[in-house]
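Have a look at the structure below, then the notes.
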Amino acid sequence: MIISVIGWVGAAFMVAASFNMTKPLGLKMALFGLTLLTIQAYDSTAYNLIVLNLSSIIGFTLSLIKATK
């Protein structure tokens with residue numbers, strides 16, 4: 001039950017982030033959403049999604065570092 005809620009909250013953050021991607025807030029929302037979705041993917045043993053999410057987390061983190069300089 002809790003994993004399902006974590007997944008839905010993560011998805012909601014990703015949707016909200018998509019409208020704010022040019023701002024640091026959008027990148028932070030995406031990082032939070034992806035973190036929650038990674039927890040859900042781990043619980044489901046969807047390792048391909050874990051790799052995809054971790055790659056996206058790295059990319060968004062680098063974009064956030066560049067945006068805040």
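Note on naming: chains are A, B, ... as they come in the structure tokens, residues start from 1 per chain, ligands start from 1 in the order shown.
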
Counting only C-alpha atoms, what is within 6 Å of stretch 43-59 of chain A, bar same-chain residues fewer than 5 positions away, as a list in words? Leu31, Leu34 and Thr38 of chain A

To one decimal place, how far is atom CA of A:Ser63 from atom CA of A:Trp8 in Å?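 Going from atom CA of A:Ser63 over to atom CA of A:Trp8, I get 24.6 Å.
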
Set the distance at 9 Å and use only C-alpha atoms: which residues neighbour A:Ile3 once local chain neighbours fewer than 3 positions away are removed? I'd like the list as a list in words. Ile6, Gly7, Trp8, Leu36, Ile39, Gln40 and Asp43 of chain A

I'd like the neighbourhood of stretch 25-30 of chain A as a list in words, where a residue qualifies if any of its atoms comes within 9 Å (using only C-alpha atoms), though same-chain residues fewer than 5 positions away should be ignored. Gly10, Phe13, Met14, Val15, Ala16, Ala17, Ser18, Phe19, Asn20, Thr35, Ser56, Ile57, Phe60, Thr61, Ser63 and Leu64 of chain A

Print the selection's residues with C-alpha atoms to a file, as a PDB file, in the first residue's frame.
ATOM      1  CA  GLY A  10       6.528  10.456  -7.382  1.00  0.00           C
ATOM      2  CA  PHE A  13       5.981  15.397  -8.792  1.00  0.00           C
ATOM      3  CA  MET A  14       7.271  14.410 -12.230  1.00  0.00           C
ATOM      4  CA  VAL A  15       4.169  15.843 -13.903  1.00  0.00           C
ATOM      5  CA  ALA A  16       4.499  19.088 -11.938  1.00  0.00           C
ATOM      6  CA  ALA A  17       8.225  19.227 -12.688  1.00  0.00           C
ATOM      7  CA  SER A  18       7.611  18.962 -16.431  1.00  0.00           C
ATOM      8  CA  PHE A  19       5.945  22.389 -16.389  1.00  0.00           C
ATOM      9  CA  ASN A  20       8.866  23.972 -14.492  1.00  0.00           C
ATOM     10  CA  THR A  35      13.751   9.211  -6.133  1.00  0.00           C
ATOM     11  CA  SER A  56      17.959  10.729 -15.056  1.00  0.00           C
ATOM     12  CA  ILE A  57      18.821  11.659 -11.463  1.00  0.00           C
ATOM     13  CA  PHE A  60      19.034  16.434 -13.529  1.00  0.00           C
ATOM     14  CA  THR A  61      21.597  16.860 -10.750  1.00  0.00           C
ATOM     15  CA  SER A  63      21.614  20.461 -14.790  1.00  0.00           C
ATOM     16  CA  LEU A  64      20.737  21.787 -11.330  1.00  0.00           C
TER      17      LEU A  64
END

Which of these residues is nearest to A:Pro24, using only C-alpha atoms: A:Ala67, A:Leu37, A:Leu62, A:Ile2?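 With only C-alpha atoms as the atom set, the closest residue is A:Ala67.
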
Among chain A, which residues does DSSP mark as helix (DSSP H, G or I) when it is run on the backbone? Keep the chain and numbering as in the structure and answer as a ChimeraX atom specification. /A:2-18,24-43,47-67
